[in-house]
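S.K.: There's a structure below that I have some questions on.
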Amino acid sequence: MKNLTCLWLCCLLAACASAPVVSQKPETLFHDALFSAPSERVDAADIFTLNKEMQDFLDHDVARKIIAEGRVAALIDALYESERKKFRYDAARTRSAAEVFHLRSGNCLSYSIMTAAFARELRLPVQFHTVSFGEVWDRNENIEYLIGHVNLTLGEQSTGSRDRAKTVDFAAVGDARGDIIDDIGEDIVVAMYMNNRAAEALAKNNLNDAYWWARAAVEHAPAFTSSYNTLGVVYSKHRDLAQAELVFRRVLESEPDNVLAMSNLAQVLTALGRVDESKRIAIRLAQIQPNPPYFFFNRGLAAMKTGDFKTAKIEFTKEVNRASYNHQFHFWLALANYYLGNMDETRKQLTVAMENSPNPAQHDLYAAKLENMKSYRER
């Protein structure tokens, strides 16, 4: 599994639900007339739906194992043990249960949704959890994402039950296992899915679809603050700054130290010409988070632009040391080493970048760069 504070921020799979953001209804934050209709169906009903392919899998692959193994073991064995090589991690898009099963790829949330859909059909109890690896950030273009992790437990809590509870995890941060920090309901999982879809649309600058997905997330689970941040980012990038300000202030009413909302609000206020207000928020942010995500990375990029590769290497190393999961940090550290003539270290960092790739396309890109270096060395 798997954030430049001077640019727009939004949450992806952010942590657990908190107290309701406000006493007012979230509908007061929606402004549908500012956007066109979505290009696809936005409906919670689609997320957990089993199609014929999945039902056939249950009726054949799983059913024949249940008598001998019980429902929990039969589902996990048929789904992941017997066909483990057919599934792969891909953070490019959050998928519904049917999409994950058909394409055999997805992120941790998508796999949790698919597994839960099968378990629900088998009438197994399901409990979703948020899991902590510490703060995990990613950046796509000019948007940064705070990434959370989700897993689930299937089965009965009774120790004497044939379908004893088992936790299923789809980690992608170094294949690590984090600590469960909260149990969450299906409403939050649905909101996470919708919030992810909004963030993914934002990454493609598809503001209309991003709005409708973020709106749906807020409406479906008003307690899930991450979707408010995403909705505010949509308004910001759509240049609806007054609407964006209201959304970010709404988050801060409930969570005064929410750094995402504070950072986004500061940028909105600057864009509105209210520089003094923005500076006051920036001062508070610096107190809470003196070295925000991507702080050293941005300094490294600045050094690269001036040709100061030695300084760039130092700054990129600082980011790698505090966020080794991020493939971008390893790639840029490799690039700085390349310009310094450190070929062994360049290959090492490219290899790590490849291993931490969020999707197959990025993995193949780094693999090609490694192969080119190998070919160059052999000339």
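Residue numbering restarts at 1 in every chain; chains get A, B, ... in the order shown in the structure tokens, and ligands count up from 1 in that same order.
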Which residues are near region 290-304 of chain A? Cut-off 8 Å, only C-alpha atoms, ignore same chain within fewer than 2 positions. Put them as a PyMOL selection string.

M.R.: chain A and resi 3-5+137+285-288+306-309+311-316+318-319+329+336

S.K.: Print the selection's residues with C-alpha atoms to a file, as a compact mmCIF listing (two decimals), in the first residue's frame.

M.R.:
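The resulting file, part27.txt, is shown below:
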```txt
# COMPACT_ATOMS: atom_id res chain seq x y z
CA ASN A 3 1.81 14.88 0.09
CA LEU A 4 4.01 19.68 -0.98
CA THR A 5 2.16 21.87 1.30
CA TRP A 137 2.06 10.14 1.54
CA LEU A 285 0.91 24.92 10.51
CA ALA A 286 4.64 25.39 11.00
CA GLN A 287 4.16 24.86 14.75
CA ILE A 288 2.23 21.64 14.22
CA THR A 306 20.49 24.59 -10.25
CA GLY A 307 22.79 21.63 -10.92
CA ASP A 308 23.74 21.24 -7.25
CA PHE A 309 23.52 17.45 -7.30
CA THR A 311 22.88 19.02 -2.10
CA ALA A 312 20.07 17.28 -3.98
CA LYS A 313 21.43 13.91 -2.90
CA ILE A 314 21.52 15.05 0.75
CA GLU A 315 17.91 16.30 0.64
CA PHE A 316 16.53 13.25 -1.20
CA LYS A 318 16.51 12.77 4.13
CA GLU A 319 13.14 11.99 2.51
CA PHE A 329 12.13 9.58 -3.53
CA ALA A 336 21.18 12.68 -8.22
```

S.K.: Go through region 28-77 of chain A residue by residue and, counting only C-alpha atoms, keep those with an atom at most 12 Å from region 147-156 of chain A; for each kept residue give the shortest atom pair and its distance in Å to one decimal, ordered by chain and increasing number, as a Markdown table.

M.R.:
```
| residue | atom | partner | partner_atom | distance |
| --- | --- | --- | --- | --- |
| A:Gly70 | CA | A:Gly155 | CA | 10.0 |
| A:Arg71 | CA | A:Gly155 | CA | 8.2 |
| A:Val72 | CA | A:Gly155 | CA | 6.2 |
| A:Ala73 | CA | A:Gly155 | CA | 9.5 |
| A:Ala74 | CA | A:Gly155 | CA | 11.6 |
| A:Leu75 | CA | A:Leu154 | CA | 9.8 |
| A:Ile76 | CA | A:Leu154 | CA | 9.5 |
```

S.K.: Go ahead and save the picked residues with N, CA and C atoms, as a PDB file, in the first residue's frame.

M.R.:
```pdb
ATOM      1  N   GLY A  70     -14.657 -25.460   6.055  1.00  0.00           N
ATOM      2  CA  GLY A  70     -15.453 -24.388   6.644  1.00  0.00           C
ATOM      3  C   GLY A  70     -15.459 -23.185   5.717  1.00  0.00           C
ATOM      4  N   ARG A  71     -16.373 -22.260   5.964  1.00  0.00           N
ATOM      5  CA  ARG A  71     -16.562 -21.146   5.024  1.00  0.00           C
ATOM      6  C   ARG A  71     -15.374 -20.182   4.963  1.00  0.00           C
ATOM      7  N   VAL A  72     -14.809 -19.821   6.108  1.00  0.00           N
ATOM      8  CA  VAL A  72     -13.714 -18.847   6.117  1.00  0.00           C
ATOM      9  C   VAL A  72     -12.495 -19.399   5.384  1.00  0.00           C
ATOM     10  N   ALA A  73     -12.043 -20.568   5.792  1.00  0.00           N
ATOM     11  CA  ALA A  73     -10.862 -21.166   5.166  1.00  0.00           C
ATOM     12  C   ALA A  73     -11.102 -21.461   3.695  1.00  0.00           C
ATOM     13  N   ALA A  74     -12.304 -21.914   3.354  1.00  0.00           N
ATOM     14  CA  ALA A  74     -12.612 -22.238   1.958  1.00  0.00           C
ATOM     15  C   ALA A  74     -12.532 -21.000   1.083  1.00  0.00           C
ATOM     16  N   LEU A  75     -13.088 -19.881   1.546  1.00  0.00           N
ATOM     17  CA  LEU A  75     -13.065 -18.648   0.760  1.00  0.00           C
ATOM     18  C   LEU A  75     -11.650 -18.125   0.588  1.00  0.00           C
ATOM     19  N   ILE A  76     -10.892 -18.065   1.677  1.00  0.00           N
ATOM     20  CA  ILE A  76      -9.531 -17.525   1.589  1.00  0.00           C
ATOM     21  C   ILE A  76      -8.649 -18.412   0.733  1.00  0.00           C
TER      22      ILE A  76
END
```

S.K.: Any idea what's packed within 12 Å of Lys52 (chain A), counting only C-alpha atoms, ignoring anything in its chain fewer than 3 positions away? Could you give it as a PyMOL selection string?

M.R.: chain A and resi 49+55-59+98+101-102

S.K.: Write out, as an mmCIF file, in the first residue's frame, the residues just selected, with C-alpha atoms.

M.R.:
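Final output, saved to again20.cif:
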```cif
data_model
loop_
_atom_site.group_PDB
_atom_site.id
_atom_site.type_symbol
_atom_site.label_atom_id
_atom_site.label_comp_id
_atom_site.auth_asym_id
_atom_site.auth_seq_id
_atom_site.Cartn_x
_atom_site.Cartn_y
_atom_site.Cartn_z
ATOM 1 C CA THR A 49 -22.426 -6.398 -6.139
ATOM 2 C CA GLN A 55 -21.310 -16.309 -8.313
ATOM 3 C CA ASP A 56 -19.960 -19.172 -10.425
ATOM 4 C CA PHE A 57 -16.705 -18.970 -8.459
ATOM 5 C CA LEU A 58 -18.634 -19.306 -5.199
ATOM 6 C CA ASP A 59 -20.778 -22.163 -6.497
ATOM 7 C CA ALA A 98 -16.692 -7.221 -9.597
ATOM 8 C CA PHE A 101 -12.292 -10.114 -9.486
ATOM 9 C CA HIS A 102 -12.464 -9.750 -13.263
#
```

S.K.: Hey, what's within 9 Å of Glu200 (chain A) if we count only C-alpha atoms and toss same-chain stuff fewer than 3 positions away? As number ranges by chain, please?

M.R.: A: 92-94, 195-197, 203-206, 210

S.K.: May I have the selected residues written with C-alpha atoms, as an mmCIF file, in the first residue's frame?

M.R.:
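File result_10.cif, as written:
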```cif
data_model
loop_
_atom_site.group_PDB
_atom_site.id
_atom_site.type_symbol
_atom_site.label_atom_id
_atom_site.label_comp_id
_atom_site.auth_asym_id
_atom_site.auth_seq_id
_atom_site.Cartn_x
_atom_site.Cartn_y
_atom_site.Cartn_z
ATOM 1 C CA ALA A 92 -3.928 3.151 -10.237
ATOM 2 C CA ARG A 93 -7.651 2.919 -9.564
ATOM 3 C CA THR A 94 -9.974 1.882 -6.762
ATOM 4 C CA ASN A 195 -13.358 9.465 -1.915
ATOM 5 C CA ASN A 196 -10.697 7.449 -3.715
ATOM 6 C CA ARG A 197 -12.625 7.677 -6.957
ATOM 7 C CA ALA A 203 -5.450 13.366 -10.660
ATOM 8 C CA LYS A 204 -6.781 13.290 -14.226
ATOM 9 C CA ASN A 205 -8.156 16.844 -13.874
ATOM 10 C CA ASN A 206 -11.670 15.474 -14.346
ATOM 11 C CA ALA A 210 -14.369 14.292 -8.913
#
```

S.K.: Select from region 127-347 of chain A everything DSSP, run on the backbone, classes as strand (DSSP E or B), then give the selection as a PyMOL selection string.

M.R.: chain A and resi 127-140+143-154+156+164+166-168+179-184

S.K.: Using only C-alpha atoms, can you tell me which of A:Arg95, A:Ser226, A:Asp46, A:Leu122 comes closest to Val62 (chain A)?

M.R.: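 For Val62 (chain A), the nearest of the candidates is A:Leu122.
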
S.K.: Please provide as a PyMOL selection string all residues within 10 Å of region 211-219 of chain A, with the sequence filter that same-chain residues fewer than 6 positions apart are discarded (counting only C-alpha atoms).

M.R.: chain A and resi 25-27+29-32+34-44+187-202+225-235+238

S.K.: Take the residues just selected and output them with N, CA and C atoms as a short mmCIF file (atom, residue, chain, number, x, y, z; two decimals), in the first residue's frame.

M.R.:
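What landed in selection30.cif:
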```cif
data_model
loop_
_atom_site.label_atom_id
_atom_site.label_comp_id
_atom_site.auth_asym_id
_atom_site.auth_seq_id
_atom_site.Cartn_x
_atom_site.Cartn_y
_atom_site.Cartn_z
N LYS A 25 -26.49 19.93 8.26
CA LYS A 25 -26.46 18.89 7.24
C LYS A 25 -25.38 19.20 6.21
N PRO A 26 -24.66 18.18 5.72
CA PRO A 26 -23.60 18.44 4.74
C PRO A 26 -24.13 18.96 3.41
N GLU A 27 -25.44 18.78 3.15
CA GLU A 27 -26.01 19.25 1.89
C GLU A 27 -25.79 20.74 1.68
N LEU A 29 -23.18 22.24 1.78
CA LEU A 29 -21.89 22.44 1.12
C LEU A 29 -21.92 22.08 -0.36
N PHE A 30 -23.01 21.52 -0.84
CA PHE A 30 -23.09 21.05 -2.22
C PHE A 30 -23.57 22.18 -3.15
N HIS A 31 -22.95 22.25 -4.32
CA HIS A 31 -23.33 23.25 -5.33
C HIS A 31 -23.34 22.57 -6.70
N ASP A 32 -24.35 21.75 -6.91
CA ASP A 32 -24.44 20.93 -8.12
C ASP A 32 -24.45 21.75 -9.40
N LEU A 34 -22.78 24.10 -10.35
CA LEU A 34 -21.45 24.53 -10.83
C LEU A 34 -20.79 23.47 -11.70
N PHE A 35 -21.36 22.25 -11.74
CA PHE A 35 -20.71 21.15 -12.44
C PHE A 35 -21.65 20.48 -13.43
N SER A 36 -21.04 19.86 -14.43
CA SER A 36 -21.81 19.08 -15.39
C SER A 36 -22.13 17.71 -14.80
N ALA A 37 -22.98 16.97 -15.49
CA ALA A 37 -23.34 15.63 -15.02
C ALA A 37 -22.12 14.72 -15.06
N PRO A 38 -22.03 13.73 -14.16
CA PRO A 38 -20.88 12.82 -14.18
C PRO A 38 -20.88 11.96 -15.43
N SER A 39 -19.71 11.51 -15.81
CA SER A 39 -19.59 10.69 -17.02
C SER A 39 -19.87 9.23 -16.76
N GLU A 40 -20.04 8.86 -15.49
CA GLU A 40 -20.32 7.48 -15.12
C GLU A 40 -21.29 7.45 -13.96
N ARG A 41 -21.83 6.29 -13.72
CA ARG A 41 -22.78 6.12 -12.62
C ARG A 41 -22.06 6.22 -11.28
N VAL A 42 -22.60 7.01 -10.38
CA VAL A 42 -22.06 7.18 -9.04
C VAL A 42 -23.09 6.63 -8.06
N ASP A 43 -22.89 5.38 -7.63
CA ASP A 43 -23.91 4.71 -6.84
C ASP A 43 -23.26 3.69 -5.92
N ALA A 44 -23.56 3.78 -4.63
CA ALA A 44 -23.00 2.85 -3.65
C ALA A 44 -23.44 1.42 -3.92
N ASP A 187 -20.40 1.84 6.01
CA ASP A 187 -20.67 3.18 5.48
C ASP A 187 -19.37 3.95 5.27
N ILE A 188 -18.40 3.77 6.18
CA ILE A 188 -17.11 4.45 6.03
C ILE A 188 -16.33 3.84 4.88
N VAL A 189 -16.40 2.53 4.73
CA VAL A 189 -15.71 1.88 3.62
C VAL A 189 -16.25 2.37 2.28
N VAL A 190 -17.56 2.49 2.18
CA VAL A 190 -18.17 3.01 0.95
C VAL A 190 -17.70 4.45 0.70
N ALA A 191 -17.66 5.26 1.76
CA ALA A 191 -17.19 6.65 1.61
C ALA A 191 -15.73 6.69 1.19
N MET A 192 -14.91 5.77 1.73
CA MET A 192 -13.51 5.69 1.31
C MET A 192 -13.40 5.37 -0.18
N TYR A 193 -14.20 4.42 -0.62
CA TYR A 193 -14.21 4.05 -2.03
C TYR A 193 -14.55 5.28 -2.89
N MET A 194 -15.61 5.98 -2.52
CA MET A 194 -16.05 7.15 -3.29
C MET A 194 -15.01 8.26 -3.23
N ASN A 195 -14.39 8.44 -2.05
CA ASN A 195 -13.36 9.47 -1.92
C ASN A 195 -12.14 9.14 -2.78
N ASN A 196 -11.79 7.86 -2.83
CA ASN A 196 -10.70 7.45 -3.71
C ASN A 196 -11.01 7.75 -5.17
N ARG A 197 -12.24 7.42 -5.57
CA ARG A 197 -12.62 7.68 -6.96
C ARG A 197 -12.58 9.17 -7.27
N ALA A 198 -12.95 9.99 -6.29
CA ALA A 198 -12.86 11.44 -6.47
C ALA A 198 -11.41 11.88 -6.63
N ALA A 199 -10.52 11.35 -5.77
CA ALA A 199 -9.11 11.70 -5.84
C ALA A 199 -8.48 11.26 -7.16
N GLU A 200 -8.89 10.08 -7.63
CA GLU A 200 -8.36 9.57 -8.90
C GLU A 200 -8.84 10.42 -10.07
N ALA A 201 -10.08 10.89 -10.01
CA ALA A 201 -10.58 11.80 -11.05
C ALA A 201 -9.85 13.13 -11.00
N LEU A 202 -9.56 13.60 -9.79
CA LEU A 202 -8.79 14.84 -9.63
C LEU A 202 -7.42 14.72 -10.29
N THR A 225 -14.15 12.76 7.51
CA THR A 225 -13.67 14.09 7.18
C THR A 225 -12.82 14.15 5.92
N SER A 226 -12.20 13.07 5.54
CA SER A 226 -11.33 13.09 4.36
C SER A 226 -12.09 13.52 3.10
N SER A 227 -13.33 13.08 2.98
CA SER A 227 -14.10 13.42 1.79
C SER A 227 -14.42 14.91 1.73
N TYR A 228 -14.52 15.56 2.89
CA TYR A 228 -14.72 17.02 2.90
C TYR A 228 -13.48 17.70 2.32
N ASN A 229 -12.30 17.24 2.75
CA ASN A 229 -11.07 17.82 2.19
C ASN A 229 -11.03 17.66 0.68
N THR A 230 -11.41 16.49 0.20
CA THR A 230 -11.39 16.26 -1.24
C THR A 230 -12.40 17.16 -1.95
N LEU A 231 -13.59 17.29 -1.38
CA LEU A 231 -14.59 18.19 -1.96
C LEU A 231 -14.06 19.62 -2.01
N GLY A 232 -13.39 20.05 -0.96
CA GLY A 232 -12.81 21.39 -0.95
C GLY A 232 -11.75 21.56 -2.02
N VAL A 233 -10.94 20.53 -2.24
CA VAL A 233 -9.93 20.59 -3.29
C VAL A 233 -10.57 20.71 -4.66
N VAL A 234 -11.66 19.98 -4.87
CA VAL A 234 -12.38 20.07 -6.15
C VAL A 234 -12.83 21.51 -6.38
N TYR A 235 -13.47 22.11 -5.38
CA TYR A 235 -13.90 23.50 -5.51
C TYR A 235 -12.70 24.42 -5.79
N HIS A 238 -11.50 24.11 -9.25
CA HIS A 238 -12.55 24.61 -10.14
C HIS A 238 -12.68 26.13 -10.02
#
```

S.K.: Which region 287-355 of chain A residues have any atom within 9 Å of an atom of region 361-374 of chain A, and for each, what is the nearest pair of atoms with distance in Å to one decimal, counting only C-alpha atoms, rows sorted by chain and number, as JSON lines?

M.R.:
```
{"residue": "A:Phe331", "atom": "CA", "partner": "A:Tyr366", "partner_atom": "CA", "distance": 8.4}
{"residue": "A:Met343", "atom": "CA", "partner": "A:Met373", "partner_atom": "CA", "distance": 8.8}
{"residue": "A:Arg347", "atom": "CA", "partner": "A:Leu370", "partner_atom": "CA", "distance": 6.6}
{"residue": "A:Leu350", "atom": "CA", "partner": "A:Tyr366", "partner_atom": "CA", "distance": 6.5}
{"residue": "A:Thr351", "atom": "CA", "partner": "A:Leu370", "partner_atom": "CA", "distance": 7.4}
{"residue": "A:Ala353", "atom": "CA", "partner": "A:Tyr366", "partner_atom": "CA", "distance": 7.0}
{"residue": "A:Met354", "atom": "CA", "partner": "A:His363", "partner_atom": "CA", "distance": 5.0}
{"residue": "A:Glu355", "atom": "CA", "partner": "A:His363", "partner_atom": "CA", "distance": 7.2}
```

S.K.: Could you save those same residues with N, CA and C atoms as a compact mmCIF listing (two decimals), in the first residue's frame?

M.R.:
```txt
# COMPACT_ATOMS: atom_id res chain seq x y z
N PHE A 331 13.73 7.19 -6.82
CA PHE A 331 14.06 7.51 -8.21
C PHE A 331 14.91 8.79 -8.29
N MET A 343 27.37 5.12 -9.93
CA MET A 343 26.53 4.19 -10.69
C MET A 343 25.97 3.05 -9.83
N ARG A 347 21.93 2.36 -9.43
CA ARG A 347 21.23 1.10 -9.69
C ARG A 347 20.49 0.61 -8.45
N LEU A 350 17.32 2.74 -8.03
CA LEU A 350 16.34 2.41 -9.07
C LEU A 350 15.67 1.08 -8.78
N THR A 351 16.44 0.15 -8.26
CA THR A 351 15.88 -1.16 -7.91
C THR A 351 14.83 -1.02 -6.81
N ALA A 353 13.14 1.70 -6.11
CA ALA A 353 12.00 2.42 -6.70
C ALA A 353 11.11 1.44 -7.45
N MET A 354 11.71 0.53 -8.19
CA MET A 354 10.96 -0.47 -8.92
C MET A 354 10.17 -1.37 -7.98
N GLU A 355 10.81 -1.80 -6.90
CA GLU A 355 10.16 -2.69 -5.94
C GLU A 355 9.00 -2.01 -5.22
```

S.K.: Please identify which residues in region 46-140 of chain A DSSP calls helix (DSSP H, G or I) from the backbone, and express them as a PyMOL selection string.

M.R.: chain A and resi 46+52-69+71-81+84-86+97-103+108-121

S.K.: Please determine, counting only C-alpha atoms, which residue among A:Val126, A:Met262, A:Val320, A:Leu252 has the shortest atom-to-atom distance to Ile283 (chain A).

M.R.: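 Answer, going by the shortest atom-to-atom distance: A:Met262.
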
S.K.: So how many Å separate CA of Glu186 (chain A) and CA of Gln127 (chain A), to one decimal?

M.R.: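 Separating CA of Glu186 (chain A) from CA of Gln127 (chain A) is a distance of 8.4 Å.
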
S.K.: Would you compute the distance between CA of Arg274 (chain A) and CA of Glu245 (chain A)? Give it in Å to one decimal.

M.R.: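 Atom-to-atom, CA of Arg274 (chain A) to CA of Glu245 (chain A), that is 11.7 Å.
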
S.K.: For Lys310 (chain A), which residue among A:Asn356, A:Asn342, A:Thr130, A:Gln349 is the nearest when counting only C-alpha atoms?

M.R.: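 Result for the nearest residue to Lys310 (chain A): A:Asn342.
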
S.K.: Looking at only C-alpha atoms, which of A:Gln157, A:Thr167, A:Thr28, A:Ser254 is the one that sits closest to Ala116 (chain A)?

M.R.: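 Of all the options, A:Thr167 lies closest to Ala116 (chain A).
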
S.K.: CA of Met54 (chain A) and CA of Glu121 (chain A), how far apart in Å?

M.R.: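 Distance between the two atoms: 10.3 Å.
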